[in-house]
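Here's work.csv, which has CSV, C-alpha atoms:
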```
chain,number,residue,atom,x,y,z
K,25,MET,CA,120.3,123.3,86.6
K,26,VAL,CA,120.0,125.5,89.6
K,27,ILE,CA,116.8,127.3,90.1
K,28,LYS,CA,117.4,130.6,92.0
K,29,LYS,CA,114.8,131.3,94.6
K,30,ARG,CA,113.5,134.7,93.9
K,31,LYS,CA,113.1,137.0,96.9
K,32,SER,CA,109.5,137.0,97.8
K,33,ASN,CA,107.5,140.2,97.5
K,34,ASN,CA,104.9,139.1,100.0
K,35,ASP,CA,103.3,142.5,100.7
K,36,LEU,CA,102.7,143.3,97.1
K,37,ASN,CA,101.3,139.8,96.5
K,38,ASP,CA,98.9,140.1,99.4
K,39,LEU,CA,97.7,143.5,98.2
K,40,LEU,CA,97.2,142.2,94.7
K,41,ALA,CA,95.2,139.1,95.9
K,42,VAL,CA,93.0,141.2,98.2
K,43,SER,CA,92.3,143.8,95.5
K,44,PHE,CA,91.5,141.0,93.1
K,45,PHE,CA,88.9,139.4,95.4
K,46,ALA,CA,87.6,142.9,96.2
K,47,LEU,CA,87.1,143.5,92.5
K,48,ILE,CA,85.3,140.2,92.1
K,49,ALA,CA,83.0,141.0,95.1
K,50,LEU,CA,82.4,144.5,93.7
K,51,LEU,CA,81.5,143.2,90.3
K,52,ALA,CA,79.2,140.5,91.7
K,53,TYR,CA,77.4,142.7,94.2
K,54,ASP,CA,73.7,142.8,93.8
K,55,LYS,CA,71.3,144.5,96.2
K,56,ASP,CA,68.3,142.3,95.4
K,57,LYS,CA,70.1,139.0,95.7
K,58,ASN,CA,71.0,136.8,98.7
K,59,PRO,CA,74.7,137.0,99.5
K,60,ALA,CA,74.9,133.2,99.7
K,61,GLU,CA,73.6,133.0,96.2
K,62,ILE,CA,76.3,135.4,95.0
K,63,ILE,CA,79.1,133.4,96.7
K,64,GLY,CA,77.7,130.2,95.2
K,65,SER,CA,77.7,131.6,91.7
K,66,ILE,CA,81.3,132.8,92.2
K,67,VAL,CA,82.4,129.4,93.5
K,68,SER,CA,80.7,127.6,90.6
K,69,ALA,CA,82.2,130.0,88.1
K,70,SER,CA,85.7,129.6,89.5
K,71,PHE,CA,85.3,125.8,89.5
K,72,ILE,CA,84.7,125.8,85.7
K,73,ILE,CA,87.6,128.2,85.2
K,74,LEU,CA,89.8,125.9,87.3
K,75,ILE,CA,88.8,122.9,85.1
K,76,ILE,CA,89.6,124.9,81.9
K,77,ILE,CA,93.0,126.1,83.3
K,78,SER,CA,94.0,122.6,84.3
K,79,LEU,CA,93.0,121.2,80.9
K,80,VAL,CA,95.1,123.9,79.2
K,81,VAL,CA,98.1,123.1,81.5
K,82,VAL,CA,97.8,119.3,80.7
K,83,ALA,CA,97.5,120.1,77.0
K,84,LEU,CA,100.6,122.3,77.2
K,85,LEU,CA,102.5,119.5,79.0
K,86,PHE,CA,101.7,117.1,76.2
K,87,LEU,CA,102.3,119.5,73.4
K,88,ARG,CA,105.6,121.0,74.5
K,89,SER,CA,108.8,119.2,73.6
K,90,ASP,CA,109.7,116.8,76.3
K,91,LYS,CA,113.4,117.5,75.9
K,92,ASN,CA,113.5,119.5,79.1
K,93,LEU,CA,111.7,116.9,81.1
K,94,ARG,CA,113.9,114.1,79.8
K,95,TYR,CA,117.0,116.2,80.7
K,96,ARG,CA,115.7,116.6,84.2
K,97,GLY,CA,115.0,112.9,84.6
K,98,GLU,CA,118.4,112.0,83.3
K,99,GLU,CA,120.0,114.4,85.7
K,100,LYS,CA,118.0,112.9,88.6
K,101,THR,CA,118.5,109.2,87.9
K,102,LYS,CA,121.8,109.4,85.9
K,103,ALA,CA,120.2,107.3,83.3
K,104,GLU,CA,117.2,107.4,80.9
K,105,THR,CA,115.5,104.5,82.7
K,106,GLN,CA,115.8,103.2,86.2
K,107,PHE,CA,115.1,99.5,86.7
K,108,VAL,CA,113.4,98.5,89.9
K,109,ASP,CA,112.7,95.1,91.3
K,110,LEU,CA,109.0,94.5,91.9
K,111,GLU,CA,107.9,92.3,94.8
K,112,TRP,CA,104.8,90.1,94.7
K,113,GLY,CA,103.6,91.8,97.9
K,114,GLN,CA,103.2,95.0,95.8
K,115,ALA,CA,101.0,93.0,93.3
K,116,LEU,CA,98.9,91.8,96.3
K,117,LYS,CA,98.4,95.3,97.5
K,118,HIS,CA,97.6,96.6,94.0
K,119,ASP,CA,95.1,93.8,93.4
K,120,LEU,CA,93.4,94.4,96.7
K,121,LEU,CA,93.0,98.1,95.9
K,122,THR,CA,91.8,97.2,92.3
K,123,TYR,CA,89.0,95.0,93.5
K,124,PHE,CA,88.0,96.5,96.9
K,125,ILE,CA,88.1,100.3,96.3
K,126,PRO,CA,85.2,100.0,93.7
K,127,VAL,CA,83.3,98.0,96.3
K,128,LEU,CA,83.9,100.7,98.8
K,129,ILE,CA,82.8,103.4,96.3
K,130,LEU,CA,79.7,101.5,95.5
K,131,SER,CA,78.8,100.8,99.1
K,132,LEU,CA,79.3,104.4,100.2
K,133,PRO,CA,75.8,105.6,99.3
K,134,ILE,CA,74.3,102.5,101.0
K,135,LEU,CA,76.3,103.3,104.2
K,136,ALA,CA,75.0,106.8,104.0
K,137,GLY,CA,71.4,105.6,103.8
K,138,GLN,CA,70.8,106.5,100.1
K,139,VAL,CA,69.9,104.4,97.1
K,140,PRO,CA,72.8,103.8,94.7
K,141,ASP,CA,72.3,104.9,91.1
K,142,PHE,CA,74.1,104.6,87.8
K,143,ILE,CA,76.4,107.5,88.5
K,144,ASP,CA,78.0,105.5,91.4
K,145,PHE,CA,78.3,102.6,89.0
K,146,PHE,CA,80.2,104.6,86.5
K,147,GLN,CA,82.4,106.2,89.2
K,148,ALA,CA,83.4,102.8,90.4
K,149,LEU,CA,84.0,101.7,86.8
K,150,THR,CA,86.3,104.7,86.3
K,151,VAL,CA,88.4,103.8,89.4
K,152,PHE,CA,88.5,100.1,88.4
K,153,LEU,CA,89.7,100.9,84.9
K,154,SER,CA,92.3,103.3,86.0
K,155,LEU,CA,93.7,100.8,88.5
K,156,VAL,CA,93.8,98.1,85.9
K,157,TYR,CA,95.6,100.4,83.5
K,158,LEU,CA,98.2,101.2,86.2
K,159,LYS,CA,98.6,97.4,86.7
K,160,MET,CA,99.2,97.0,83.0
K,161,LEU,CA,101.7,100.0,83.1
K,162,TYR,CA,103.8,98.5,85.9
K,163,TRP,CA,103.4,94.7,85.5
K,164,GLN,CA,102.5,94.3,81.8
K,165,ARG,CA,99.7,91.9,82.9
K,166,ILE,CA,96.3,92.2,84.6
K,167,PHE,CA,96.1,89.1,86.8
L,9,MET,CA,67.4,95.6,86.0
L,10,GLY,CA,67.4,98.5,88.3
L,11,PRO,CA,70.5,100.3,89.6
L,12,ILE,CA,70.2,98.6,93.0
L,13,LYS,CA,70.4,95.1,91.5
L,14,ILE,CA,73.3,96.1,89.3
L,15,THR,CA,75.1,97.6,92.2
L,16,PHE,CA,74.7,94.5,94.4
L,17,LEU,CA,75.6,92.2,91.5
L,18,THR,CA,78.8,94.3,90.8
L,19,ILE,CA,79.8,94.2,94.5
L,20,LEU,CA,79.3,90.4,94.5
L,21,VAL,CA,81.4,89.9,91.4
L,22,LEU,CA,84.1,92.2,92.6
L,23,MET,CA,84.3,90.5,96.0
L,24,VAL,CA,84.5,87.0,94.5
L,25,ALA,CA,87.1,88.1,91.9
L,26,GLY,CA,89.1,90.1,94.5
L,27,THR,CA,89.2,87.1,96.8
L,28,ALA,CA,90.3,84.8,94.0
L,29,VAL,CA,93.1,87.2,92.9
L,30,TRP,CA,94.1,87.6,96.6
L,31,LEU,CA,94.5,83.8,97.0
L,32,LYS,CA,96.5,83.6,93.7
L,33,ASN,CA,98.9,86.4,94.9
L,34,LYS,CA,99.3,84.6,98.2
L,35,ILE,CA,100.3,81.4,96.3
L,36,ARG,CA,102.7,83.5,94.2
L,37,ILE,CA,104.3,84.9,97.3
L,38,ILE,CA,104.8,81.4,98.8
L,39,GLN,CA,106.2,80.2,95.5
L,40,TYR,CA,108.6,83.1,95.4
L,41,GLN,CA,109.8,82.4,99.0
L,42,THR,CA,110.4,78.8,98.2
L,43,GLY,CA,112.3,79.7,95.0
L,44,GLN,CA,109.9,78.4,92.4
L,45,LEU,CA,109.1,81.8,91.0
L,46,SER,CA,111.4,84.7,90.1
L,47,ALA,CA,110.8,88.3,90.8
L,48,SER,CA,109.6,90.8,88.2
L,49,ALA,CA,111.3,94.1,87.3
L,50,THR,CA,110.1,97.3,85.7
L,51,ASP,CA,111.6,100.5,84.5
L,52,LEU,CA,110.6,103.7,86.2
L,53,HIS,CA,110.7,106.0,83.3
L,54,TRP,CA,109.6,109.6,84.0
L,55,ARG,CA,106.8,109.0,81.4
L,56,LYS,CA,105.3,106.3,83.6
L,57,SER,CA,105.4,108.6,86.6
L,58,LEU,CA,103.7,111.4,84.6
L,59,LYS,CA,101.0,109.0,83.5
L,60,HIS,CA,100.4,107.9,87.1
L,61,THR,CA,100.2,111.5,88.3
L,62,LEU,CA,97.8,112.4,85.5
L,63,ILE,CA,95.5,109.5,86.4
L,64,MET,CA,95.9,110.4,90.1
L,65,TYR,CA,94.5,113.9,89.6
L,66,LEU,CA,92.2,113.5,86.6
L,67,GLY,CA,90.4,110.4,87.8
L,68,PRO,CA,88.9,112.0,90.9
L,69,ALA,CA,88.2,115.1,88.8
L,70,LEU,CA,86.3,112.9,86.4
L,71,ILE,CA,84.4,111.3,89.3
L,72,LEU,CA,83.4,114.7,90.6
L,73,PHE,CA,82.5,115.9,87.1
L,74,MET,CA,80.3,112.8,86.3
L,75,PRO,CA,77.0,114.1,87.9
L,76,PHE,CA,77.2,117.2,85.6
L,77,ILE,CA,77.4,115.0,82.5
L,78,LEU,CA,74.1,113.2,83.6
L,79,ALA,CA,72.5,116.6,84.5
L,80,GLN,CA,72.5,116.1,88.2
L,81,LYS,CA,74.2,117.9,91.1
L,82,PRO,CA,77.1,116.4,93.0
L,83,ASN,CA,76.7,115.9,96.7
L,84,LEU,CA,78.9,115.0,99.7
L,85,ILE,CA,78.9,111.3,98.8
L,86,ASP,CA,80.6,112.2,95.4
L,87,VAL,CA,83.2,114.2,97.2
L,88,GLY,CA,83.9,111.2,99.5
L,89,GLN,CA,84.1,108.8,96.6
L,90,ALA,CA,86.6,111.1,94.8
L,91,ALA,CA,88.6,111.4,98.1
L,92,ILE,CA,88.7,107.6,98.4
L,93,ALA,CA,89.9,107.3,94.7
L,94,TYR,CA,92.6,109.9,95.2
L,95,LEU,CA,93.9,108.3,98.4
L,96,ALA,CA,94.0,104.9,96.8
L,97,LEU,CA,95.9,106.2,93.7
L,98,ASN,CA,98.3,108.2,95.9
L,99,TYR,CA,99.0,105.1,98.1
L,100,LEU,CA,99.7,103.1,95.0
L,101,LYS,CA,102.3,105.8,93.9
L,102,ASN,CA,103.9,105.4,97.3
L,103,ILE,CA,104.1,101.7,96.9
L,104,TYR,CA,105.9,101.8,93.6
L,105,GLN,CA,108.0,105.0,93.7
```

How does this structure look as structure tokens?
Amino acid sequence: MVIKKRKSNNDLNDLLAVSFFALIALLAYDKDKNPAEIIGSIVSASFIILIIISLVVVALLFLRSDKNLRYRGEEKTKAETQFVDLEWGQALKHDLLTYFIPVLILSLPILAGQVPDFIDFFQALTVFLSLVYLKMLYWQRIF
Amino acid sequence: MGPIKITFLTILVLMVAGTAVWLKNKIRIIQYQTGQLSASATDLHWRKSLKHTLIMYLGPALILFMPFILAQKPNLIDVGQAAIAYLALNYLKNIYQ
């Protein structure tokens, strides 16, 4: 499958982007408010919109038929699956990351001179569980 | 138990477990070099790669989103933690693929 590169229409894109941001600024303008507050509200609103858009994209990726993706993978590797030899040095690196990245995350507030709280604990737990899941994915074992 | 005690206890447990697993992996490497242990193999299906990529991007997003769930505001430390998690997962992708 050959993807033709479309000729870029840079001037029109720049004009559209600038007018879009000008429209947002015009809509958000308020004489009584501090400009920094307005910028902050725009940033927080766009953050939420970004999260929603990324969730929709992920849902579409899961929902759409994976025929196209499979076809692309077969074309790239000439086979459905590609077998790779794993070395024990990779397991060593993976295990070191699994156990010491949560330590780093937990000790970051202490290094910054703050008191750690339960949020840091759950963040470290998230990273630990995702790394253990990846270990299960690649090695079919935890230890 | 307060959060500080739990944090230090978790750090201690992780350090001990990490050191133990490190030594076990060292022993495995020596066994592999002397021919007592065979290498392992895995298939790199695109689905595995997709799962790894999803974890790589959604894990740090979850870390950044976690203070909102507990009705607090994220600060610079949360951004640093998310950056550490992203870099670790990205490095892991470079190791395997």

Of L:Ala69, L:Ile12, L:His53, L:Lys59, the one nearest to K:Tyr157 when counting all atoms listed in the file is L:Lys59

Proximity of chain L to chain K: per-residue shortest pair, 9 Å limit, all atoms listed in the file, as JSON lines:
```
{"residue": "L:Gly10", "atom": "CA", "partner": "K:Asp141", "partner_atom": "CA", "distance": 8.5}
{"residue": "L:Pro11", "atom": "CA", "partner": "K:Asp141", "partner_atom": "CA", "distance": 5.2}
{"residue": "L:Ile12", "atom": "CA", "partner": "K:Pro140", "partner_atom": "CA", "distance": 6.1}
{"residue": "L:Ile14", "atom": "CA", "partner": "K:Phe145", "partner_atom": "CA", "distance": 8.2}
{"residue": "L:Thr15", "atom": "CA", "partner": "K:Phe145", "partner_atom": "CA", "distance": 6.7}
{"residue": "L:Phe16", "atom": "CA", "partner": "K:Leu130", "partner_atom": "CA", "distance": 8.7}
{"residue": "L:Thr18", "atom": "CA", "partner": "K:Val127", "partner_atom": "CA", "distance": 8.0}
{"residue": "L:Ile19", "atom": "CA", "partner": "K:Val127", "partner_atom": "CA", "distance": 5.5}
{"residue": "L:Leu20", "atom": "CA", "partner": "K:Val127", "partner_atom": "CA", "distance": 8.8}
{"residue": "L:Leu22", "atom": "CA", "partner": "K:Tyr123", "partner_atom": "CA", "distance": 5.7}
{"residue": "L:Met23", "atom": "CA", "partner": "K:Tyr123", "partner_atom": "CA", "distance": 7.0}
{"residue": "L:Ala25", "atom": "CA", "partner": "K:Tyr123", "partner_atom": "CA", "distance": 7.3}
{"residue": "L:Gly26", "atom": "CA", "partner": "K:Tyr123", "partner_atom": "CA", "distance": 5.0}
{"residue": "L:Thr27", "atom": "CA", "partner": "K:Leu120", "partner_atom": "CA", "distance": 8.4}
{"residue": "L:Val29", "atom": "CA", "partner": "K:Asp119", "partner_atom": "CA", "distance": 6.9}
{"residue": "L:Trp30", "atom": "CA", "partner": "K:Leu116", "partner_atom": "CA", "distance": 6.4}
{"residue": "L:Lys32", "atom": "CA", "partner": "K:Phe167", "partner_atom": "CA", "distance": 8.8}
{"residue": "L:Asn33", "atom": "CA", "partner": "K:Leu116", "partner_atom": "CA", "distance": 5.6}
{"residue": "L:Lys34", "atom": "CA", "partner": "K:Leu116", "partner_atom": "CA", "distance": 7.5}
{"residue": "L:Arg36", "atom": "CA", "partner": "K:Trp112", "partner_atom": "CA", "distance": 6.9}
{"residue": "L:Ile37", "atom": "CA", "partner": "K:Trp112", "partner_atom": "CA", "distance": 5.8}
{"residue": "L:Tyr40", "atom": "CA", "partner": "K:Trp112", "partner_atom": "CA", "distance": 8.0}
{"residue": "L:Ala47", "atom": "CA", "partner": "K:Glu111", "partner_atom": "CA", "distance": 6.4}
{"residue": "L:Ser48", "atom": "CA", "partner": "K:Leu110", "partner_atom": "CA", "distance": 5.3}
{"residue": "L:Ala49", "atom": "CA", "partner": "K:Asp109", "partner_atom": "CA", "distance": 4.4}
{"residue": "L:Thr50", "atom": "CA", "partner": "K:Val108", "partner_atom": "CA", "distance": 5.5}
{"residue": "L:Asp51", "atom": "CA", "partner": "K:Phe107", "partner_atom": "CA", "distance": 4.3}
{"residue": "L:Leu52", "atom": "CA", "partner": "K:Gln106", "partner_atom": "CA", "distance": 5.2}
{"residue": "L:His53", "atom": "CA", "partner": "K:Thr105", "partner_atom": "CA", "distance": 5.1}
{"residue": "L:Trp54", "atom": "CA", "partner": "K:Gly97", "partner_atom": "CA", "distance": 6.4}
{"residue": "L:Arg55", "atom": "CA", "partner": "K:Arg94", "partner_atom": "CA", "distance": 8.9}
{"residue": "L:Lys56", "atom": "CA", "partner": "K:Leu161", "partner_atom": "CA", "distance": 7.3}
{"residue": "L:Lys59", "atom": "CA", "partner": "K:Leu158", "partner_atom": "CA", "distance": 8.7}
{"residue": "L:His60", "atom": "CA", "partner": "K:Leu158", "partner_atom": "CA", "distance": 7.1}
{"residue": "L:Leu62", "atom": "CA", "partner": "K:Val82", "partner_atom": "CA", "distance": 8.4}
{"residue": "L:Ile63", "atom": "CA", "partner": "K:Ser154", "partner_atom": "CA", "distance": 7.0}
{"residue": "L:Met64", "atom": "CA", "partner": "K:Ser154", "partner_atom": "CA", "distance": 9.0}
{"residue": "L:Gly67", "atom": "CA", "partner": "K:Val151", "partner_atom": "CA", "distance": 7.1}
{"residue": "L:Pro68", "atom": "CA", "partner": "K:Val151", "partner_atom": "CA", "distance": 8.4}
{"residue": "L:Ala69", "atom": "CA", "partner": "K:Ile75", "partner_atom": "CA", "distance": 8.7}
{"residue": "L:Leu70", "atom": "CA", "partner": "K:Thr150", "partner_atom": "CA", "distance": 8.2}
{"residue": "L:Ile71", "atom": "CA", "partner": "K:Gln147", "partner_atom": "CA", "distance": 5.5}
{"residue": "L:Leu72", "atom": "CA", "partner": "K:Gln147", "partner_atom": "CA", "distance": 8.7}
{"residue": "L:Met74", "atom": "CA", "partner": "K:Ile143", "partner_atom": "CA", "distance": 6.9}
{"residue": "L:Pro75", "atom": "CA", "partner": "K:Ile143", "partner_atom": "CA", "distance": 6.7}
{"residue": "L:Leu78", "atom": "CA", "partner": "K:Ile143", "partner_atom": "CA", "distance": 7.9}
{"residue": "L:Ile85", "atom": "CA", "partner": "K:Pro133", "partner_atom": "CA", "distance": 6.5}
{"residue": "L:Asp86", "atom": "CA", "partner": "K:Asp144", "partner_atom": "CA", "distance": 8.2}
{"residue": "L:Gly88", "atom": "CA", "partner": "K:Leu132", "partner_atom": "CA", "distance": 8.2}
{"residue": "L:Gln89", "atom": "CA", "partner": "K:Ile129", "partner_atom": "CA", "distance": 5.6}
{"residue": "L:Ala90", "atom": "CA", "partner": "K:Gln147", "partner_atom": "CA", "distance": 8.5}
{"residue": "L:Ile92", "atom": "CA", "partner": "K:Ile129", "partner_atom": "CA", "distance": 7.5}
{"residue": "L:Ala93", "atom": "CA", "partner": "K:Val151", "partner_atom": "CA", "distance": 6.5}
{"residue": "L:Ala96", "atom": "CA", "partner": "K:Leu121", "partner_atom": "CA", "distance": 6.9}
{"residue": "L:Leu97", "atom": "CA", "partner": "K:Leu155", "partner_atom": "CA", "distance": 7.8}
{"residue": "L:Leu100", "atom": "CA", "partner": "K:His118", "partner_atom": "CA", "distance": 6.9}
{"residue": "L:Ile103", "atom": "CA", "partner": "K:Gln114", "partner_atom": "CA", "distance": 6.8}
{"residue": "L:Tyr104", "atom": "CA", "partner": "K:Gln114", "partner_atom": "CA", "distance": 7.6}
```

Calculate how many Å separate atom CA of K:Ile73 from atom CA of K:Leu51, rounding to one decimal.
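Atom CA of K:Leu51 lies 17.0 Å from atom CA of K:Ile73.
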
Please compute the atom CA of K:Leu39-atom CA of K:Ile77 distance, one decimal, in Å.
23.4 Å

For a test of reading the model, state the distance in Å between atom CA of K:Val81 and atom CA of L:Gln80, rounded to one decimal.
27.4 Å
